[in-house]
Structures are given as C-alpha cells and as structure tokens.
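Content type mmCIF, C-alpha atoms and all ligand atoms, from the file query13.cif:
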data_upload
loop_
_atom_site.group_PDB
_atom_site.id
_atom_site.type_symbol
_atom_site.label_atom_id
_atom_site.label_comp_id
_atom_site.auth_asym_id
_atom_site.auth_seq_id
_atom_site.Cartn_x
_atom_site.Cartn_y
_atom_site.Cartn_z
ATOM 1 C CA MET S 49 8.652 -18.072 -3.651
ATOM 2 C CA CYS S 50 9.277 -16.268 -0.339
ATOM 3 C CA ASP S 51 6.741 -16.447 2.515
ATOM 4 C CA VAL S 52 5.516 -12.882 1.949
ATOM 5 C CA ALA S 53 4.780 -13.496 -1.738
ATOM 6 C CA VAL S 54 3.035 -16.761 -0.784
ATOM 7 C CA HIS S 55 0.836 -14.838 1.668
ATOM 8 C CA TYR S 56 -0.275 -12.326 -0.992
ATOM 9 C CA GLY S 57 -0.175 -14.399 -4.182
ATOM 10 C CA ARG S 58 -3.145 -16.725 -4.575
ATOM 11 C CA GLY S 59 -2.987 -17.857 -8.191
ATOM 12 C CA GLY S 60 -5.798 -17.155 -10.637
ATOM 13 C CA LEU S 61 -6.244 -13.621 -9.286
ATOM 14 C CA GLY S 62 -6.579 -11.919 -12.672
ATOM 15 C CA GLU S 63 -9.406 -14.182 -13.804
ATOM 16 C CA ALA S 64 -11.104 -13.947 -10.385
ATOM 17 C CA ILE S 65 -11.114 -10.136 -10.596
ATOM 18 C CA LEU S 66 -12.485 -10.112 -14.156
ATOM 19 C CA GLU S 67 -15.197 -12.599 -13.181
ATOM 20 C CA ALA S 68 -16.151 -10.507 -10.131
ATOM 21 C CA LEU S 69 -16.284 -7.385 -12.303
ATOM 22 C CA ARG S 70 -18.706 -9.109 -14.671
ATOM 23 C CA ALA S 71 -20.772 -10.311 -11.692
ATOM 24 C CA ALA S 72 -20.902 -6.700 -10.464
ATOM 25 C CA GLY S 73 -22.261 -5.623 -13.855
ATOM 26 C CA LYS S 74 -19.014 -4.042 -15.127
ATOM 27 C CA ASP S 75 -17.480 -4.530 -18.545
ATOM 28 C CA PRO S 76 -13.836 -5.718 -18.151
ATOM 29 C CA ASP S 77 -13.083 -4.322 -21.609
ATOM 30 C CA ALA S 78 -14.278 -0.825 -20.710
ATOM 31 C CA LEU S 79 -13.056 -0.432 -17.157
ATOM 32 C CA THR S 80 -12.833 2.781 -15.180
ATOM 33 C CA ARG S 81 -10.607 3.332 -12.160
ATOM 34 C CA GLU S 82 -13.749 3.680 -10.051
ATOM 35 C CA ASP S 83 -14.813 0.149 -11.065
ATOM 36 C CA LEU S 84 -11.599 -1.205 -9.553
ATOM 37 C CA ALA S 85 -11.638 0.747 -6.281
ATOM 38 C CA PRO S 86 -13.071 -2.103 -4.149
ATOM 39 C CA VAL S 87 -10.104 -4.321 -5.014
ATOM 40 C CA ASP S 88 -7.151 -2.088 -5.858
ATOM 41 C CA GLN S 89 -6.861 0.104 -2.735
ATOM 42 C CA PHE S 90 -5.371 -2.341 -0.254
ATOM 43 C CA HIS S 91 -5.004 0.039 2.692
ATOM 44 C CA THR S 92 -6.939 1.866 5.396
ATOM 45 C CA GLY S 93 -9.116 4.680 4.119
ATOM 46 C CA GLY S 94 -9.206 3.571 0.461
ATOM 47 C CA ARG S 95 -8.965 6.205 -2.273
ATOM 48 C CA ASP S 96 -9.557 9.100 0.147
ATOM 49 C CA ALA S 97 -6.391 8.207 2.061
ATOM 50 C CA THR S 98 -4.384 8.010 -1.174
ATOM 51 C CA LEU S 99 -5.599 11.449 -2.232
ATOM 52 C CA GLU S 100 -4.929 12.880 1.233
ATOM 53 C CA LEU S 101 -1.338 11.603 1.195
ATOM 54 C CA ALA S 102 -0.822 12.967 -2.329
ATOM 55 C CA ARG S 103 -2.093 16.386 -1.231
ATOM 56 C CA ARG S 104 0.094 16.430 1.861
ATOM 57 C CA ALA S 105 3.134 15.329 -0.118
ATOM 58 C CA GLY S 106 2.538 18.144 -2.629
ATOM 59 C CA ILE S 107 2.980 15.822 -5.611
ATOM 60 C CA VAL S 108 3.072 17.794 -8.846
ATOM 61 C CA GLN S 109 2.327 16.994 -12.486
ATOM 62 C CA ASP S 110 4.970 14.900 -14.273
ATOM 63 C CA ALA S 111 6.672 13.949 -11.006
ATOM 64 C CA THR S 112 8.371 10.554 -11.179
ATOM 65 C CA VAL S 113 6.944 8.405 -8.400
ATOM 66 C CA LEU S 114 8.066 4.996 -7.132
ATOM 67 C CA ASP S 115 5.286 3.119 -5.330
ATOM 68 C CA VAL S 116 7.133 0.630 -3.133
ATOM 69 C CA GLY S 117 4.976 -2.433 -2.437
ATOM 70 C CA GLY S 118 2.343 -0.883 -4.680
ATOM 71 C CA GLY S 119 0.368 -4.104 -5.108
ATOM 72 C CA LEU S 120 -2.178 -4.045 -7.925
ATOM 73 C CA GLY S 121 -1.379 -0.391 -8.581
ATOM 74 C CA GLY S 122 -4.568 1.321 -7.398
ATOM 75 C CA ALA S 123 -2.689 4.249 -5.863
ATOM 76 C CA ALA S 124 -0.388 4.435 -8.906
ATOM 77 C CA ARG S 125 -3.325 4.721 -11.325
ATOM 78 C CA LEU S 126 -4.970 7.328 -9.096
ATOM 79 C CA LEU S 127 -1.801 9.450 -8.948
ATOM 80 C CA ALA S 128 -1.216 9.094 -12.684
ATOM 81 C CA ALA S 129 -4.778 9.947 -13.680
ATOM 82 C CA GLU S 130 -5.543 12.697 -11.154
ATOM 83 C CA LEU S 131 -2.153 14.382 -10.899
ATOM 84 C CA GLY S 132 -0.443 13.458 -14.169
ATOM 85 C CA CYS S 133 2.499 11.684 -12.510
ATOM 86 C CA ARG S 134 4.578 8.897 -14.003
ATOM 87 C CA VAL S 135 4.481 6.022 -11.546
ATOM 88 C CA THR S 136 6.524 2.846 -11.253
ATOM 89 C CA VAL S 137 5.124 0.132 -8.996
ATOM 90 C CA LEU S 138 7.677 -2.157 -7.353
ATOM 91 C CA ASP S 139 6.251 -5.259 -5.719
ATOM 92 C CA LEU S 140 7.514 -8.561 -4.349
ATOM 93 C CA THR S 141 4.383 -10.448 -5.397
ATOM 94 C CA GLU S 142 4.820 -11.346 -9.064
ATOM 95 C CA GLU S 143 1.111 -12.020 -9.539
ATOM 96 C CA TYR S 144 0.206 -8.502 -8.355
ATOM 97 C CA CYS S 145 2.626 -7.010 -10.893
ATOM 98 C CA ARG S 146 1.201 -9.106 -13.735
ATOM 99 C CA VAL S 147 -2.462 -8.499 -12.837
ATOM 100 C CA GLY S 148 -1.769 -4.840 -12.033
ATOM 101 C CA ALA S 149 -0.234 -4.304 -15.473
ATOM 102 C CA ASP S 150 -3.282 -5.885 -17.131
ATOM 103 C CA LEU S 151 -5.709 -3.710 -15.120
ATOM 104 C CA THR S 152 -3.630 -0.652 -15.993
ATOM 105 C CA ARG S 153 -3.863 -1.477 -19.700
ATOM 106 C CA ARG S 154 -7.622 -1.974 -19.366
ATOM 107 C CA THR S 155 -7.942 1.506 -17.861
ATOM 108 C CA GLY S 156 -5.741 3.060 -20.560
ATOM 109 C CA LEU S 157 -3.003 4.233 -18.198
ATOM 110 C CA GLU S 158 -0.104 2.070 -19.368
ATOM 111 C CA ALA S 159 1.822 5.071 -20.722
ATOM 112 C CA ARG S 160 2.013 6.535 -17.206
ATOM 113 C CA VAL S 161 2.075 3.483 -14.915
ATOM 114 C CA GLY S 162 4.588 0.630 -15.108
ATOM 115 C CA PHE S 163 5.292 -2.419 -12.921
ATOM 116 C CA ARG S 164 8.538 -4.038 -11.755
ATOM 117 C CA HIS S 165 8.661 -7.301 -9.870
ATOM 118 C CA GLY S 166 11.316 -6.991 -7.169
ATOM 119 C CA ASP S 167 12.303 -6.552 -3.550
ATOM 120 C CA ALA S 168 12.221 -3.201 -1.767
ATOM 121 C CA LEU S 169 15.421 -4.262 -0.012
ATOM 122 C CA ALA S 170 17.329 -4.325 -3.318
ATOM 123 C CA MET S 171 15.536 -1.903 -5.598
ATOM 124 C CA PRO S 172 16.373 -2.340 -9.299
ATOM 125 C CA PHE S 173 16.732 1.426 -9.862
ATOM 126 C CA ALA S 174 19.568 3.921 -10.124
ATOM 127 C CA ALA S 175 20.412 6.320 -7.307
ATOM 128 C CA GLY S 176 18.338 9.515 -7.421
ATOM 129 C CA ALA S 177 15.931 8.137 -10.046
ATOM 130 C CA PHE S 178 12.669 9.408 -8.476
ATOM 131 C CA ASP S 179 11.138 12.670 -7.266
ATOM 132 C CA VAL S 180 8.815 10.834 -4.864
ATOM 133 C CA VAL S 181 8.963 7.473 -3.089
ATOM 134 C CA TRP S 182 5.517 6.363 -1.931
ATOM 135 C CA THR S 183 4.736 3.573 0.537
ATOM 136 C CA GLN S 184 1.196 2.742 1.558
ATOM 137 C CA HIS S 185 0.777 -0.191 3.945
ATOM 138 C CA SER S 186 3.761 -1.980 2.481
ATOM 139 C CA SER S 187 6.401 -1.940 5.248
ATOM 140 C CA MET S 188 4.690 -4.365 7.658
ATOM 141 C CA ASN S 189 6.310 -7.456 6.132
ATOM 142 C CA VAL S 190 9.811 -5.993 6.065
ATOM 143 C CA ALA S 191 12.006 -6.870 9.036
ATOM 144 C CA ASP S 192 14.994 -4.730 8.073
ATOM 145 C CA LYS S 193 13.522 -1.233 8.212
ATOM 146 C CA ALA S 194 16.949 0.409 8.011
ATOM 147 C CA ALA S 195 17.599 -1.358 4.693
ATOM 148 C CA LEU S 196 14.097 -0.522 3.431
ATOM 149 C CA TYR S 197 14.277 3.205 4.141
ATOM 150 C CA GLY S 198 17.946 3.262 3.143
ATOM 151 C CA GLU S 199 16.879 2.038 -0.300
ATOM 152 C CA CYS S 200 14.062 4.625 -0.375
ATOM 153 C CA ARG S 201 16.638 7.308 0.315
ATOM 154 C CA ARG S 202 19.083 5.991 -2.303
ATOM 155 C CA VAL S 203 16.569 6.059 -5.177
ATOM 156 C CA LEU S 204 15.230 9.525 -4.236
ATOM 157 C CA ARG S 205 16.829 12.584 -5.768
ATOM 158 C CA PRO S 206 18.227 15.106 -3.249
ATOM 159 C CA GLY S 207 15.277 17.160 -1.992
ATOM 160 C CA GLY S 208 12.878 14.408 -3.076
ATOM 161 C CA THR S 209 9.879 13.341 -1.028
ATOM 162 C CA LEU S 210 9.143 10.184 0.943
ATOM 163 C CA ALA S 211 5.351 9.855 1.329
ATOM 164 C CA MET S 212 4.233 7.214 3.812
ATOM 165 C CA HIS S 213 0.934 5.808 5.011
ATOM 166 C CA GLU S 214 1.893 2.901 7.203
ATOM 167 C CA ILE S 215 0.940 0.554 9.998
ATOM 168 C CA THR S 216 3.369 0.599 12.926
ATOM 169 C CA GLY S 217 3.694 -1.050 16.283
ATOM 170 C CA GLY S 218 1.785 0.386 19.213
ATOM 171 C CA THR S 219 2.103 -0.234 22.938
ATOM 172 C CA GLY S 220 4.520 -3.109 22.444
ATOM 173 C CA THR S 221 1.961 -5.741 23.435
ATOM 174 C CA PRO S 222 1.747 -8.639 20.950
ATOM 175 C CA VAL S 223 -0.436 -8.272 17.874
ATOM 176 C CA HIS S 224 -3.463 -10.549 17.457
ATOM 177 C CA PHE S 225 -3.530 -12.613 14.238
ATOM 178 C CA PRO S 226 -4.615 -13.046 11.493
ATOM 179 C CA VAL S 227 -4.281 -9.529 10.071
ATOM 180 C CA PRO S 228 -4.343 -8.620 6.373
ATOM 181 C CA TRP S 229 -0.524 -8.602 6.101
ATOM 182 C CA ALA S 230 0.136 -11.850 8.000
ATOM 183 C CA ARG S 231 -1.674 -14.930 9.240
ATOM 184 C CA ASP S 232 0.903 -15.393 12.035
ATOM 185 C CA PRO S 233 3.876 -13.493 13.514
ATOM 186 C CA ALA S 234 6.467 -15.052 11.170
ATOM 187 C CA ILE S 235 6.089 -12.374 8.461
ATOM 188 C CA SER S 236 4.836 -9.472 10.600
ATOM 189 C CA HIS S 237 7.474 -6.881 11.477
ATOM 190 C CA LEU S 238 6.155 -3.708 13.081
ATOM 191 C CA VAL S 239 8.287 -1.111 14.808
ATOM 192 C CA PRO S 240 7.074 1.508 17.290
ATOM 193 C CA VAL S 241 6.393 4.991 15.918
ATOM 194 C CA ALA S 242 9.220 6.609 17.901
ATOM 195 C CA ALA S 243 11.767 4.097 16.577
ATOM 196 C CA LEU S 244 10.586 4.648 13.001
ATOM 197 C CA ARG S 245 10.825 8.427 13.262
ATOM 198 C CA ALA S 246 14.280 8.193 14.820
ATOM 199 C CA LEU S 247 15.445 5.851 12.054
ATOM 200 C CA LEU S 248 14.177 8.195 9.327
ATOM 201 C CA GLY S 249 16.004 11.095 10.979
ATOM 202 C CA ASP S 250 19.213 9.059 11.223
ATOM 203 C CA LEU S 251 18.957 8.202 7.518
ATOM 204 C CA GLY S 252 18.795 11.882 6.589
ATOM 205 C CA PHE S 253 15.076 12.452 6.128
ATOM 206 C CA ARG S 254 13.611 15.775 7.293
ATOM 207 C CA GLU S 255 10.050 15.385 8.612
ATOM 208 C CA ARG S 256 7.488 17.746 7.031
ATOM 209 C CA VAL S 257 4.226 16.055 8.070
ATOM 210 C CA TRP S 258 3.564 13.449 10.720
ATOM 211 C CA GLU S 259 0.098 12.467 11.858
ATOM 212 C CA ASP S 260 -1.235 9.581 13.877
ATOM 213 C CA GLN S 261 -4.395 8.475 12.073
ATOM 214 C CA SER S 262 -5.257 5.514 14.310
ATOM 215 C CA ALA S 263 -8.592 6.924 15.501
ATOM 216 C CA GLN S 264 -9.800 7.674 11.950
ATOM 217 C CA ALA S 265 -8.574 4.258 10.819
ATOM 218 C CA LEU S 266 -10.499 2.495 13.578
ATOM 219 C CA ALA S 267 -13.678 4.415 12.683
ATOM 220 C CA TRP S 268 -13.180 3.467 9.017
ATOM 221 C CA PHE S 269 -12.771 -0.248 9.852
ATOM 222 C CA ARG S 270 -15.836 -0.214 12.102
ATOM 223 C CA GLN S 271 -17.897 1.366 9.350
ATOM 224 C CA ARG S 272 -16.730 -1.283 6.858
ATOM 225 C CA LEU S 273 -17.401 -4.137 9.250
ATOM 226 C CA ALA S 274 -20.885 -2.772 10.014
ATOM 227 C CA ALA S 275 -21.637 -2.563 6.270
ATOM 228 C CA GLY S 276 -21.317 -6.366 6.055
ATOM 229 C CA PRO S 277 -19.704 -8.502 3.351
ATOM 230 C CA ALA S 278 -18.397 -6.824 0.205
ATOM 231 C CA GLY S 279 -20.056 -7.551 -3.144
ATOM 232 C CA PRO S 280 -18.408 -9.862 -5.667
ATOM 233 C CA LEU S 281 -15.474 -7.478 -6.056
ATOM 234 C CA GLY S 282 -13.423 -6.905 -2.934
ATOM 235 C CA LEU S 283 -10.174 -7.536 -1.093
ATOM 236 C CA HIS S 284 -11.379 -11.058 -0.210
ATOM 237 C CA LEU S 285 -10.294 -11.924 -3.785
ATOM 238 C CA LEU S 286 -6.709 -11.163 -2.733
ATOM 239 C CA LEU S 287 -6.660 -12.767 0.696
ATOM 240 C CA GLY S 288 -9.472 -15.320 0.765
ATOM 241 C CA ARG S 289 -12.774 -15.595 2.561
ATOM 242 C CA ASP S 290 -11.256 -15.060 6.027
ATOM 243 C CA PHE S 291 -10.478 -11.479 4.989
ATOM 244 C CA ALA S 292 -13.412 -10.236 7.122
ATOM 245 C CA THR S 293 -11.840 -11.944 10.157
ATOM 246 C CA MET S 294 -8.528 -10.246 9.332
ATOM 247 C CA LEU S 295 -10.239 -6.843 9.200
ATOM 248 C CA GLY S 296 -11.958 -7.504 12.536
ATOM 249 C CA THR S 297 -8.657 -8.513 14.141
ATOM 250 C CA LEU S 298 -6.930 -5.433 12.776
ATOM 251 C CA ALA S 299 -9.709 -3.246 14.213
ATOM 252 C CA ARG S 300 -9.256 -4.978 17.582
ATOM 253 C CA ASN S 301 -5.485 -4.391 17.455
ATOM 254 C CA LEU S 302 -6.090 -0.709 16.731
ATOM 255 C CA ASP S 303 -8.683 -0.429 19.481
ATOM 256 C CA GLU S 304 -6.295 -1.989 22.000
ATOM 257 C CA GLY S 305 -3.373 0.205 20.871
ATOM 258 C CA ARG S 306 -1.343 -2.791 19.663
ATOM 259 C CA VAL S 307 -0.882 -1.211 16.220
ATOM 260 C CA ARG S 308 -1.124 2.346 14.917
ATOM 261 C CA VAL S 309 -1.758 3.958 11.522
ATOM 262 C CA VAL S 310 0.460 6.906 10.614
ATOM 263 C CA MET S 311 0.800 9.273 7.697
ATOM 264 C CA GLY S 312 4.148 10.987 7.181
ATOM 265 C CA VAL S 313 5.900 13.090 4.591
ATOM 266 C CA CYS S 314 9.684 13.551 4.739
ATOM 267 C CA GLU S 315 12.200 15.259 2.534
ATOM 268 C CA ARG S 316 15.496 13.704 1.549
ATOM 269 C CA ALA S 317 17.881 16.187 3.079
HETATM 270 C C1 LIG H 1 -1.141 -4.607 2.096
HETATM 271 S S1 LIG H 1 -0.440 -4.669 0.482
HETATM 272 C C2 LIG H 1 -0.539 -2.953 0.018
HETATM 273 C C3 LIG H 1 -0.518 -2.755 -1.476
HETATM 274 C C4 LIG H 1 -0.612 -1.309 -1.946
HETATM 275 N N1 LIG H 1 0.442 -0.482 -1.376
HETATM 276 C C5 LIG H 1 -1.963 -0.717 -1.648
HETATM 277 O O1 LIG H 1 -2.043 0.098 -0.717
HETATM 278 O O2 LIG H 1 -2.938 -1.054 -2.339
HETATM 279 C C6 LIG H 1 1.312 -4.880 0.838
HETATM 280 C C7 LIG H 1 2.145 -5.015 -0.410
HETATM 281 O O3 LIG H 1 3.540 -4.930 -0.072
HETATM 282 C C8 LIG H 1 4.244 -5.838 -0.893
HETATM 283 N N2 LIG H 1 5.543 -6.117 -0.267
HETATM 284 C C9 LIG H 1 5.780 -6.659 0.952
HETATM 285 N N3 LIG H 1 7.096 -6.771 1.165
HETATM 286 C C10 LIG H 1 7.726 -6.277 0.067
HETATM 287 C C11 LIG H 1 9.090 -6.123 -0.323
HETATM 288 N N4 LIG H 1 10.107 -6.517 0.474
HETATM 289 N N5 LIG H 1 9.355 -5.580 -1.514
HETATM 290 C C12 LIG H 1 8.351 -5.179 -2.353
HETATM 291 N N6 LIG H 1 7.047 -5.307 -2.036
HETATM 292 C C13 LIG H 1 6.730 -5.856 -0.853
HETATM 293 C C14 LIG H 1 3.319 -7.036 -0.982
HETATM 294 O O4 LIG H 1 3.638 -7.882 -2.054
HETATM 295 C C15 LIG H 1 1.966 -6.354 -1.131
HETATM 296 O O5 LIG H 1 1.652 -6.108 -2.458
#
Take the structure I supplied and represent it as structure tokens, if you would.
Amino acid sequence: MCDVAVHYGRGGLGEAILEALRAAGKDPDALTREDLAPVDQFHTGGRDATLELARRAGIVQDATVLDVGGGLGGAARLLAAELGCRVTVLDLTEEYCRVGADLTRRTGLEARVGFRHGDALAMPFAAGAFDVVWTQHSSMNVADKAALYGECRRVLRPGGTLAMHEITGGTGTPVHFPVPWARDPAISHLVPVAALRALLGDLGFRERVWEDQSAQALAWFRQRLAAGPAGPLGLHLLLGRDFATMLGTLARNLDEGRVRVVMGVCERA
C-alpha cells in the first residue's frame, strides 16, 4: 500500500463507524445522510461548503460527476440526493471505497453513487466521460499537479466543469505538522495559489469562479475547536485520536498564512 493510503486507511473503519452510530443512538440499518455528516464530510466547512460549491458550479440534475479523492462519499451522496446527479467516487484508499459503498447502500443511494478504487494520476475512465469533475480537499497529497489536473481535463467532456475546494500553499513558509492530510512533509504537496491558477490556465481551463476562503475556514476551525471533542461519531474515527491536534495545527497554519483554502470553478475550454 502506498504511503498516502496508509495515512488514511486504518483498518476496521466500517465497524468503528457502525459502532459509533449505535453509540450516538442511530440505527445503522435505517441511516439518513444527516446521521453520517460528522464522519463523511472530510473538508473545511462540512456540508455547507459542499452545497456552496455545487451551487457555484451550477450542477444540474442527471449530470455525471466524478468526485476525485471522494473519500467515504459524503459529498457524492449529498450531490446525488439533493441535485439528482450520478456520481462516481474515485479514491486511492481502498478501505474508504469499501466503507463508502456500504454507507451508500445503507442510505439507499447505490443507484446514483458508485465507487472506484484507483489513482487520480491514472484515472480508469474514458476521455470525456463526465460533465463535472469535483475535488474537495483531495489534491494535497498529490505531488504532480500537472498530471492530476491533466487527468481531470481528459475525463471531462468539452465545456465540462471542474469544481474545486482545495487547500493550497500560502506564503511559502514551511507548514507545521501534523495536519489532517499528513503527519509529516513526506506526503504533503501544496502549491501556491498563483502557480495553481497558472497551471489550470495552461491546461486549457477557463476560470469562472475563484475565491479565497481562508478567513471563513479559519473561523470554522476555531468554532469547531472551541466546541470541544466530537461525540462518538467524528473524523477521529478516520485519523485517530490526535485528530484534534491536526485540526489545531491546520488552524495555526491558516492563521499564519502558511496554507490557504480556495474554492474555484473552471470550464474545460
Ligand atoms: C482529506 S480526504 C477528503 C475526502 C473527501 N474529498 C471529502 O471531502 O470528504 C483526501 C482524500 O483524497 C484521497 N486521495 C489522495 N491522493 C489521491 C490520489 N492520488 N488518487 C485518488 N485519491 C486520492 C485520499 O485517499 C482521501 O480519501
């Protein structure tokens, strides 16, 4: 298993989530998407950010969406249920794909949401297969951004939409660790915002929306940290008990301008 999949995959995740759901008073055999929100939205801003990106991207009913690095599929289920899209989740972490598929079945969305285990650098899809490519906090572990966004472009149909909600580099000063995507610099690969935008332009993407959301993200992290430990169900199930430390370090990085949070929507020209 590669280092990135080792970082995210913990083993026994499916059972841990079902146990935590029971402990939180939920019935794993009658799950709603809301029940899963504390554990299946692995990005800044939670469900609100997913809905905001969907609105900005103008995603329409029956659109075919590829969620690159879609994890347990929280965003995919939200898009499928709220907007009527058909979503494929591609993720490098096999355990996330397996557990995500089970959670999808338990929420009755398996006809609209599917999972593929694979690498964003070699996507197992035909050229032009999707109307929308979606990435939410999934580029931070990828060193070769040109290959990543080149693949995004290849699988998008002409005129299709790249919808991004990502963490980028900031001032260029080193990032403090651990952060939720890496315990040390070996698997953390952030590029400055200007370099990312230039790369997207070079690859033939036309920018429609670009917003720096670092200030909102910092406020969101501070609110979460002030609220104290999550209940039985939370992202600590994915990353371990030092998840709170990771959140605190990420907030510090944001506060010091070492990382930024951006939302962007581009069209494949
Ligand atoms: C922080 S999680 C975000 C998950 C999801 N997008 C969300 O917002 O809930 C990052 C995800 O990116 C995936 N990932 C990292 N590198 C990848 C790659 N090269 N190909 C596919 N997935 C990758 C990880 O396995 C992980 O599930």
- Message: When you look at S:Pro206 with a cut-off of 7 Å (counting all atoms listed in the file), what residues show up, excluding the ones that are within fewer than 4 positions of it in the same chain? I need them as a VMD selection string.
- Response: chain S and resid 176 316 to 317
- To one decimal in Å, tell me the separation between atom CA of S:Ala299 and atom CA of S:Gln264.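 Atom CA of S:Gln264 lies at a distance of 11.2 Å from atom CA of S:Ala299.
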- Message: Running the PyMOL selection byres (((chain S and resi 296) around 12) and not hetatm) on this model by hand, what would come out? Give it as an MDAnalysis selection string.
- Response: chainID S and resid 224:228 266 268:274 276 290:295 297:303
Around ligand LIG 1 (chain H), which protein and nucleic acid residues have at least one atom no more than 7 Å from it, if we count all atoms listed in the file? List them as a PDB file with C-alpha atoms, keeping the file's coordinate frame.
ATOM      1  CA  VAL S  52       5.516 -12.882   1.949  1.00  0.00           C
ATOM      2  CA  ALA S  53       4.780 -13.496  -1.738  1.00  0.00           C
ATOM      3  CA  TYR S  56      -0.275 -12.326  -0.992  1.00  0.00           C
ATOM      4  CA  ASP S  88      -7.151  -2.088  -5.858  1.00  0.00           C
ATOM      5  CA  GLN S  89      -6.861   0.104  -2.735  1.00  0.00           C
ATOM      6  CA  PHE S  90      -5.371  -2.341  -0.254  1.00  0.00           C
ATOM      7  CA  HIS S  91      -5.004   0.039   2.692  1.00  0.00           C
ATOM      8  CA  VAL S 116       7.133   0.630  -3.133  1.00  0.00           C
ATOM      9  CA  GLY S 117       4.976  -2.433  -2.437  1.00  0.00           C
ATOM     10  CA  GLY S 118       2.343  -0.883  -4.680  1.00  0.00           C
ATOM     11  CA  GLY S 119       0.368  -4.104  -5.108  1.00  0.00           C
ATOM     12  CA  LEU S 120      -2.178  -4.045  -7.925  1.00  0.00           C
ATOM     13  CA  GLY S 121      -1.379  -0.391  -8.581  1.00  0.00           C
ATOM     14  CA  GLY S 122      -4.568   1.321  -7.398  1.00  0.00           C
ATOM     15  CA  ALA S 123      -2.689   4.249  -5.863  1.00  0.00           C
ATOM     16  CA  LEU S 138       7.677  -2.157  -7.353  1.00  0.00           C
ATOM     17  CA  ASP S 139       6.251  -5.259  -5.719  1.00  0.00           C
ATOM     18  CA  LEU S 140       7.514  -8.561  -4.349  1.00  0.00           C
ATOM     19  CA  THR S 141       4.383 -10.448  -5.397  1.00  0.00           C
ATOM     20  CA  TYR S 144       0.206  -8.502  -8.355  1.00  0.00           C
ATOM     21  CA  GLY S 166      11.316  -6.991  -7.169  1.00  0.00           C
ATOM     22  CA  ASP S 167      12.303  -6.552  -3.550  1.00  0.00           C
ATOM     23  CA  ALA S 168      12.221  -3.201  -1.767  1.00  0.00           C
ATOM     24  CA  LEU S 169      15.421  -4.262  -0.012  1.00  0.00           C
ATOM     25  CA  THR S 183       4.736   3.573   0.537  1.00  0.00           C
ATOM     26  CA  GLN S 184       1.196   2.742   1.558  1.00  0.00           C
ATOM     27  CA  HIS S 185       0.777  -0.191   3.945  1.00  0.00           C
ATOM     28  CA  SER S 186       3.761  -1.980   2.481  1.00  0.00           C
ATOM     29  CA  SER S 187       6.401  -1.940   5.248  1.00  0.00           C
ATOM     30  CA  ASN S 189       6.310  -7.456   6.132  1.00  0.00           C
ATOM     31  CA  VAL S 190       9.811  -5.993   6.065  1.00  0.00           C
ATOM     32  CA  PRO S 228      -4.343  -8.620   6.373  1.00  0.00           C
ATOM     33  CA  TRP S 229      -0.524  -8.602   6.101  1.00  0.00           C
TER      34      TRP S 229
END
- Message: the PyMOL selection byres (((chain S and resi 208) around 9) and not hetatm) - which residues does that actually catch in the file I just gave you? List them as a PyMOL selection string.
- Response: chain S and resi 176+178-181+201+204-207+209-210+314-317
Would you mind writing stretch 115-126 of chain S with N, CA, C and O atoms, as a PDB file, in the frame of the given file?
ATOM      1  N   ASP S 115       6.194   3.653  -6.343  1.00  0.00           N
ATOM      2  CA  ASP S 115       5.286   3.119  -5.330  1.00  0.00           C
ATOM      3  C   ASP S 115       5.853   1.781  -4.854  1.00  0.00           C
ATOM      4  O   ASP S 115       5.741   0.759  -5.525  1.00  0.00           O
ATOM      5  N   VAL S 116       6.473   1.821  -3.684  1.00  0.00           N
ATOM      6  CA  VAL S 116       7.133   0.630  -3.133  1.00  0.00           C
ATOM      7  C   VAL S 116       6.078  -0.276  -2.490  1.00  0.00           C
ATOM      8  O   VAL S 116       5.339   0.156  -1.618  1.00  0.00           O
ATOM      9  N   GLY S 117       6.022  -1.525  -2.939  1.00  0.00           N
ATOM     10  CA  GLY S 117       4.976  -2.433  -2.437  1.00  0.00           C
ATOM     11  C   GLY S 117       3.609  -1.960  -2.900  1.00  0.00           C
ATOM     12  O   GLY S 117       2.643  -2.003  -2.162  1.00  0.00           O
ATOM     13  N   GLY S 118       3.559  -1.525  -4.146  1.00  0.00           N
ATOM     14  CA  GLY S 118       2.343  -0.883  -4.680  1.00  0.00           C
ATOM     15  C   GLY S 118       1.234  -1.836  -5.074  1.00  0.00           C
ATOM     16  O   GLY S 118       0.183  -1.412  -5.539  1.00  0.00           O
ATOM     17  N   GLY S 119       1.438  -3.134  -4.892  1.00  0.00           N
ATOM     18  CA  GLY S 119       0.368  -4.104  -5.108  1.00  0.00           C
ATOM     19  C   GLY S 119      -0.192  -4.075  -6.518  1.00  0.00           C
ATOM     20  O   GLY S 119       0.546  -4.069  -7.514  1.00  0.00           O
ATOM     21  N   LEU S 120      -1.510  -4.028  -6.620  1.00  0.00           N
ATOM     22  CA  LEU S 120      -2.178  -4.045  -7.925  1.00  0.00           C
ATOM     23  C   LEU S 120      -2.133  -2.687  -8.620  1.00  0.00           C
ATOM     24  O   LEU S 120      -2.632  -2.549  -9.737  1.00  0.00           O
ATOM     25  N   GLY S 121      -1.597  -1.676  -7.918  1.00  0.00           N
ATOM     26  CA  GLY S 121      -1.379  -0.391  -8.581  1.00  0.00           C
ATOM     27  C   GLY S 121      -2.542   0.591  -8.489  1.00  0.00           C
ATOM     28  O   GLY S 121      -2.606   1.539  -9.280  1.00  0.00           O
ATOM     29  N   GLY S 122      -3.430   0.391  -7.531  1.00  0.00           N
ATOM     30  CA  GLY S 122      -4.568   1.321  -7.398  1.00  0.00           C
ATOM     31  C   GLY S 122      -4.107   2.743  -7.124  1.00  0.00           C
ATOM     32  O   GLY S 122      -4.562   3.698  -7.772  1.00  0.00           O
ATOM     33  N   ALA S 123      -3.188   2.900  -6.171  1.00  0.00           N
ATOM     34  CA  ALA S 123      -2.689   4.249  -5.863  1.00  0.00           C
ATOM     35  C   ALA S 123      -1.948   4.817  -7.069  1.00  0.00           C
ATOM     36  O   ALA S 123      -2.091   6.001  -7.405  1.00  0.00           O
ATOM     37  N   ALA S 124      -1.173   3.971  -7.747  1.00  0.00           N
ATOM     38  CA  ALA S 124      -0.388   4.435  -8.906  1.00  0.00           C
ATOM     39  C   ALA S 124      -1.317   4.978  -9.992  1.00  0.00           C
ATOM     40  O   ALA S 124      -1.063   6.051 -10.564  1.00  0.00           O
ATOM     41  N   ARG S 125      -2.393   4.244 -10.280  1.00  0.00           N
ATOM     42  CA  ARG S 125      -3.325   4.721 -11.325  1.00  0.00           C
ATOM     43  C   ARG S 125      -4.011   6.018 -10.896  1.00  0.00           C
ATOM     44  O   ARG S 125      -4.228   6.920 -11.708  1.00  0.00           O
ATOM     45  N   LEU S 126      -4.334   6.106  -9.606  1.00  0.00           N
ATOM     46  CA  LEU S 126      -4.970   7.328  -9.096  1.00  0.00           C
ATOM     47  C   LEU S 126      -4.024   8.529  -9.255  1.00  0.00           C
ATOM     48  O   LEU S 126      -4.412   9.595  -9.762  1.00  0.00           O
TER      49      LEU S 126
END
